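Each remark here refers to the structure printed beneath this line.
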Amino acid sequence: MEDFLTICEQAVRGAGAVLTGLFGRATVREKGPRDLVTEADLASQELVRQTVARAFPDHDFIGEEGQPATDGRPAGAEYRWIVDPLDGTTNFAHGVPHFCVSLALENRGTLLVGAVFDPLRDECYTAKAGAGSWLNGEPIRTSGVADLSQSLAGFGLPNVVTPDDPDLRLFRQALGACQAIRRTGSAALNHCYVAAGRFDVAWNYGTRIWDVAAAALIVKEAGGVIDSPDGGGFLVERGRLFSAANRSLMEQLRQLAARRGG
């Protein structure tokens, strides 16, 4: 598994260099309502794909920017790599220096390794199942905050928001319950900040597997708690994620999410 993590970090750092080189000058287009894609997304994903394919040609691969052209790897392979080549595309497109590359490896639904790289801060969050989480090679742990009223929370919203959107409803409830709330524009970094003790809770209803797969493992291995919004446990295939520094905060977050109105 050590080779898995080595390749994982190598891939995200390489992709991060691509993003840094294109930051401030990449072309941008819309792929959906309020949903942007840049040449940087595509170049980053291709670098990750090539890095993984060279090391593990029999592994499957899925990325936010669509499945690359077939290269002989069988669909439904035992191992699957999950990449978000640019988490925080809107930030990137507008020159806001807060974005990352996220990559995870799963084996039939079980996350094995993950890496999230913030290239402008040169911060690489990594995790290996059963071994721990690290930031640039140094172990990280979630915070000791146990009361939601003392917590700093991170959250995200989908590209198109309706008045009854669950993310927005929970945001309204959390305004009076948390010490402060941040919407950073990067789901992966929100949850990695929980792992590193910078945030205490984070939530995303509208994310996909590539947004949070790596971050979910990083939070878990840092001593945090991960769950799905419905309380059924985090599932890689569904992608939606609640994370908290500890079980006490998770329970308080769940109770808050269960309230109506706001």
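Every chain in the structure tokens has a letter given in the order shown (A, B, ...), and although residue numbers restart at 1 in each chain, ligands are simply numbered from 1 in the order shown.
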So which residues touch stretch 136-153 of chain A within 9 Å, counting only C-alpha atoms, skipping near sequence neighbours fewer than 6 positions away, as number ranges by chain? A: 122-126, 174, 176-183, 190, 193-203, 219, 221-224, 244-249, 252-253
Would you mind writing down, as a PDB file with C-alpha atoms, in the first residue's frame, each residue of stretch 28-258 of chain A that DSSP on the backbone assigns to strand (DSSP E)?
ATOM      1  CA  VAL A  28     -12.658  29.180 -19.125  1.00  0.00           C
ATOM      2  CA  ARG A  29     -15.943  27.833 -20.472  1.00  0.00           C
ATOM      3  CA  GLU A  30     -19.280  26.733 -19.013  1.00  0.00           C
ATOM      4  CA  LYS A  31     -20.123  23.029 -18.956  1.00  0.00           C
ATOM      5  CA  GLY A  32     -23.466  23.634 -17.227  1.00  0.00           C
ATOM      6  CA  ASP A  35     -20.533  25.226 -13.662  1.00  0.00           C
ATOM      7  CA  LEU A  36     -17.146  26.191 -15.071  1.00  0.00           C
ATOM      8  CA  VAL A  37     -14.343  24.150 -16.568  1.00  0.00           C
ATOM      9  CA  THR A  38     -10.912  25.403 -17.593  1.00  0.00           C
ATOM     10  CA  ASP A  60      -9.713   1.717 -13.255  1.00  0.00           C
ATOM     11  CA  PHE A  61      -9.945   5.515 -13.198  1.00  0.00           C
ATOM     12  CA  ILE A  62     -12.770   8.029 -12.801  1.00  0.00           C
ATOM     13  CA  GLY A  63     -12.493  11.812 -12.877  1.00  0.00           C
ATOM     14  CA  TYR A  79      -8.888  -0.973  -7.834  1.00  0.00           C
ATOM     15  CA  ARG A  80     -10.279   2.405  -8.859  1.00  0.00           C
ATOM     16  CA  TRP A  81      -8.660   5.835  -8.668  1.00  0.00           C
ATOM     17  CA  ILE A  82     -10.982   8.807  -8.094  1.00  0.00           C
ATOM     18  CA  VAL A  83      -9.754  12.285  -9.043  1.00  0.00           C
ATOM     19  CA  ASP A  84     -10.990  15.832  -8.867  1.00  0.00           C
ATOM     20  CA  PRO A  85      -8.306  17.563 -10.935  1.00  0.00           C
ATOM     21  CA  LEU A  86      -9.294  21.039  -9.777  1.00  0.00           C
ATOM     22  CA  ASP A  87     -11.538  21.364  -6.745  1.00  0.00           C
ATOM     23  CA  CYS A 100      -6.628  21.896  -4.854  1.00  0.00           C
ATOM     24  CA  VAL A 101      -6.179  18.528  -6.541  1.00  0.00           C
ATOM     25  CA  SER A 102      -7.830  15.511  -4.892  1.00  0.00           C
ATOM     26  CA  LEU A 103      -7.043  11.842  -5.559  1.00  0.00           C
ATOM     27  CA  ALA A 104      -8.107   8.654  -3.781  1.00  0.00           C
ATOM     28  CA  LEU A 105      -7.791   4.931  -4.388  1.00  0.00           C
ATOM     29  CA  GLU A 106     -10.565   2.535  -3.482  1.00  0.00           C
ATOM     30  CA  ASN A 107     -10.837  -1.234  -3.494  1.00  0.00           C
ATOM     31  CA  THR A 110     -13.114   0.730   0.661  1.00  0.00           C
ATOM     32  CA  LEU A 111     -10.821   3.754   0.565  1.00  0.00           C
ATOM     33  CA  LEU A 112      -7.147   2.790   0.778  1.00  0.00           C
ATOM     34  CA  VAL A 113      -5.154   6.000   0.280  1.00  0.00           C
ATOM     35  CA  GLY A 114      -5.903   9.634  -0.430  1.00  0.00           C
ATOM     36  CA  ALA A 115      -4.091  12.879  -1.144  1.00  0.00           C
ATOM     37  CA  VAL A 116      -5.281  16.475  -1.427  1.00  0.00           C
ATOM     38  CA  PHE A 117      -2.756  19.056  -2.614  1.00  0.00           C
ATOM     39  CA  ASP A 118      -3.103  22.834  -2.296  1.00  0.00           C
ATOM     40  CA  GLU A 123       0.212  21.840   1.524  1.00  0.00           C
ATOM     41  CA  CYS A 124      -0.261  18.148   0.787  1.00  0.00           C
ATOM     42  CA  TYR A 125      -2.718  16.231   2.969  1.00  0.00           C
ATOM     43  CA  THR A 126      -2.301  12.458   2.761  1.00  0.00           C
ATOM     44  CA  ALA A 127      -3.798   9.405   4.441  1.00  0.00           C
ATOM     45  CA  LYS A 128      -3.441   5.643   4.406  1.00  0.00           C
ATOM     46  CA  GLY A 132      -2.996   7.906   9.917  1.00  0.00           C
ATOM     47  CA  SER A 133      -3.111  11.263   8.167  1.00  0.00           C
ATOM     48  CA  TRP A 134      -0.347  13.736   7.462  1.00  0.00           C
ATOM     49  CA  LEU A 135       0.205  17.290   6.278  1.00  0.00           C
ATOM     50  CA  GLU A 138       3.738  15.527   9.690  1.00  0.00           C
ATOM     51  CA  PRO A 139       0.904  13.734  11.542  1.00  0.00           C
ATOM     52  CA  LEU A 152     -15.550  26.990  13.105  1.00  0.00           C
ATOM     53  CA  ALA A 153     -17.530  25.338  10.306  1.00  0.00           C
ATOM     54  CA  GLY A 154     -16.902  24.948   6.593  1.00  0.00           C
ATOM     55  CA  PHE A 155     -19.675  24.351   4.078  1.00  0.00           C
ATOM     56  CA  ALA A 180     -18.373  31.174  12.709  1.00  0.00           C
ATOM     57  CA  ILE A 181     -18.929  29.671   9.254  1.00  0.00           C
ATOM     58  CA  ARG A 182     -16.766  29.748   6.144  1.00  0.00           C
ATOM     59  CA  VAL A 201     -17.089  20.570  11.305  1.00  0.00           C
ATOM     60  CA  ALA A 202     -17.860  20.671   7.591  1.00  0.00           C
ATOM     61  CA  TRP A 203     -20.731  19.554   5.406  1.00  0.00           C
ATOM     62  CA  ASN A 204     -21.647  19.067   1.762  1.00  0.00           C
ATOM     63  CA  VAL A 225     -15.902  11.282  12.289  1.00  0.00           C
ATOM     64  CA  ILE A 226     -17.422  11.024   8.820  1.00  0.00           C
ATOM     65  CA  ASP A 227     -21.034  10.347   7.935  1.00  0.00           C
ATOM     66  CA  LEU A 241     -20.264  14.092   3.358  1.00  0.00           C
ATOM     67  CA  PHE A 242     -20.544  15.412   6.892  1.00  0.00           C
ATOM     68  CA  SER A 243     -17.283  15.544   8.844  1.00  0.00           C
ATOM     69  CA  ALA A 244     -16.586  16.496  12.438  1.00  0.00           C
TER      70      ALA A 244
END
Quick check for you: according to DSSP on this backbone, which residues of stretch 4-247 of chain A are classed as alpha helix (DSSP H)? Reply as a count of residues only. 74
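Pairwise distance (atom CA of A:Tyr205, atom CA of A:Pro166) equals 6.9 Å.
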Would you mind listing what lies within 9 Å of A:Val212 as a PDB file with N, CA and C atoms, in the first residue's frame, with only C-alpha atoms counted and same-chain residues fewer than 3 positions away left out?
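Dumped everything to out21.pdb:
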ATOM      1  N   ASP A  84     -10.472  14.513  -8.521  1.00  0.00           N
ATOM      2  CA  ASP A  84     -10.990  15.832  -8.867  1.00  0.00           C
ATOM      3  C   ASP A  84      -9.759  16.655  -9.232  1.00  0.00           C
ATOM      4  N   SER A 102      -7.440  16.576  -5.821  1.00  0.00           N
ATOM      5  CA  SER A 102      -7.830  15.511  -4.892  1.00  0.00           C
ATOM      6  C   SER A 102      -7.783  14.169  -5.604  1.00  0.00           C
ATOM      7  N   ALA A 187     -14.666  21.917  -1.470  1.00  0.00           N
ATOM      8  CA  ALA A 187     -15.165  20.905  -0.535  1.00  0.00           C
ATOM      9  C   ALA A 187     -14.028  20.086   0.049  1.00  0.00           C
ATOM     10  N   ALA A 188     -13.089  19.684  -0.791  1.00  0.00           N
ATOM     11  CA  ALA A 188     -11.983  18.846  -0.312  1.00  0.00           C
ATOM     12  C   ALA A 188     -11.171  19.557   0.758  1.00  0.00           C
ATOM     13  N   HIS A 191     -12.953  19.814   4.259  1.00  0.00           N
ATOM     14  CA  HIS A 191     -12.864  18.614   5.092  1.00  0.00           C
ATOM     15  C   HIS A 191     -11.421  18.339   5.538  1.00  0.00           C
ATOM     16  N   ASN A 204     -21.308  18.913   3.175  1.00  0.00           N
ATOM     17  CA  ASN A 204     -21.647  19.067   1.762  1.00  0.00           C
ATOM     18  C   ASN A 204     -22.718  18.048   1.398  1.00  0.00           C
ATOM     19  N   THR A 207     -22.199  17.187  -3.183  1.00  0.00           N
ATOM     20  CA  THR A 207     -20.929  16.795  -3.774  1.00  0.00           C
ATOM     21  C   THR A 207     -21.010  15.432  -4.456  1.00  0.00           C
ATOM     22  N   ARG A 208     -20.006  15.136  -5.277  1.00  0.00           N
ATOM     23  CA  ARG A 208     -19.866  13.847  -5.931  1.00  0.00           C
ATOM     24  C   ARG A 208     -18.651  13.124  -5.351  1.00  0.00           C
ATOM     25  N   ILE A 209     -18.452  11.888  -5.755  1.00  0.00           N
ATOM     26  CA  ILE A 209     -17.402  11.079  -5.132  1.00  0.00           C
ATOM     27  C   ILE A 209     -16.023  11.705  -5.279  1.00  0.00           C
ATOM     28  N   ALA A 215     -10.640  13.330   0.922  1.00  0.00           N
ATOM     29  CA  ALA A 215     -10.798  14.078   2.172  1.00  0.00           C
ATOM     30  C   ALA A 215     -11.488  13.249   3.246  1.00  0.00           C
ATOM     31  N   ALA A 216     -12.445  12.412   2.850  1.00  0.00           N
ATOM     32  CA  ALA A 216     -13.134  11.569   3.832  1.00  0.00           C
ATOM     33  C   ALA A 216     -12.150  10.657   4.549  1.00  0.00           C
ATOM     34  N   LEU A 217     -11.249  10.036   3.800  1.00  0.00           N
ATOM     35  CA  LEU A 217     -10.250   9.163   4.425  1.00  0.00           C
ATOM     36  C   LEU A 217      -9.288   9.962   5.284  1.00  0.00           C
ATOM     37  N   VAL A 236     -18.712   5.805  -0.523  1.00  0.00           N
ATOM     38  CA  VAL A 236     -17.916   6.388  -1.593  1.00  0.00           C
ATOM     39  C   VAL A 236     -18.778   6.721  -2.805  1.00  0.00           C
ATOM     40  N   GLY A 239     -20.947  10.057  -2.220  1.00  0.00           N
ATOM     41  CA  GLY A 239     -20.138  11.261  -2.231  1.00  0.00           C
ATOM     42  C   GLY A 239     -20.500  12.333  -1.222  1.00  0.00           C
ATOM     43  N   ARG A 240     -21.756  12.409  -0.789  1.00  0.00           N
ATOM     44  CA  ARG A 240     -22.156  13.473   0.141  1.00  0.00           C
ATOM     45  C   ARG A 240     -21.541  13.225   1.515  1.00  0.00           C
ATOM     46  N   LEU A 241     -21.085  14.294   2.161  1.00  0.00           N
ATOM     47  CA  LEU A 241     -20.264  14.092   3.358  1.00  0.00           C
ATOM     48  C   LEU A 241     -20.518  15.124   4.439  1.00  0.00           C
TER      49      LEU A 241
END
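Using only C-alpha atoms for every distance, the candidate list A:Leu5, A:Leu170, A:Ala214, A:Ala93 yields A:Ala214 as the residue closest to A:Leu189.
The coordinates place atom CA of A:Leu157 at 28.1 Å from atom CA of A:Leu47.
As for atom CA of A:Cys8 and atom CA of A:Arg54, they are spaced 12.2 Å apart.
Considering only C-alpha atoms, the residue among A:Met250, A:Ala257, A:Val52, A:Val96 positioned nearest to A:Asp3 is A:Val52.
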Of the candidates A:Ile218, A:Val160, A:Leu22, A:Leu256, which one gets nearest to A:Ala131 if we count only C-alpha atoms?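 Of all the options, A:Ile218 lies closest to A:Ala131.
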If you count only C-alpha atoms, which residues fall within 10 Å of A:Pro97, apart from same-chain ones fewer than 6 positions away, as a PyMOL selection string? chain A and resi 20+23-24+88+91+118-121
So that I have them on file, write out the residues from the current selection with C-alpha atoms, as a CSV table (one decimal), in the first residue's frame.
chain,number,residue,atom,x,y,z
A,20,THR,CA,0.1,26.7,-10.7
A,23,PHE,CA,-3.3,30.1,-12.7
A,24,GLY,CA,-4.3,33.5,-13.9
A,88,GLY,CA,-12.4,25.1,-6.6
A,91,ASN,CA,-12.0,30.3,-7.4
A,118,ASP,CA,-3.1,22.8,-2.3
A,119,PRO,CA,-0.3,23.9,-4.7
A,120,LEU,CA,-0.2,27.6,-3.8
A,121,ARG,CA,0.3,26.9,-0.1
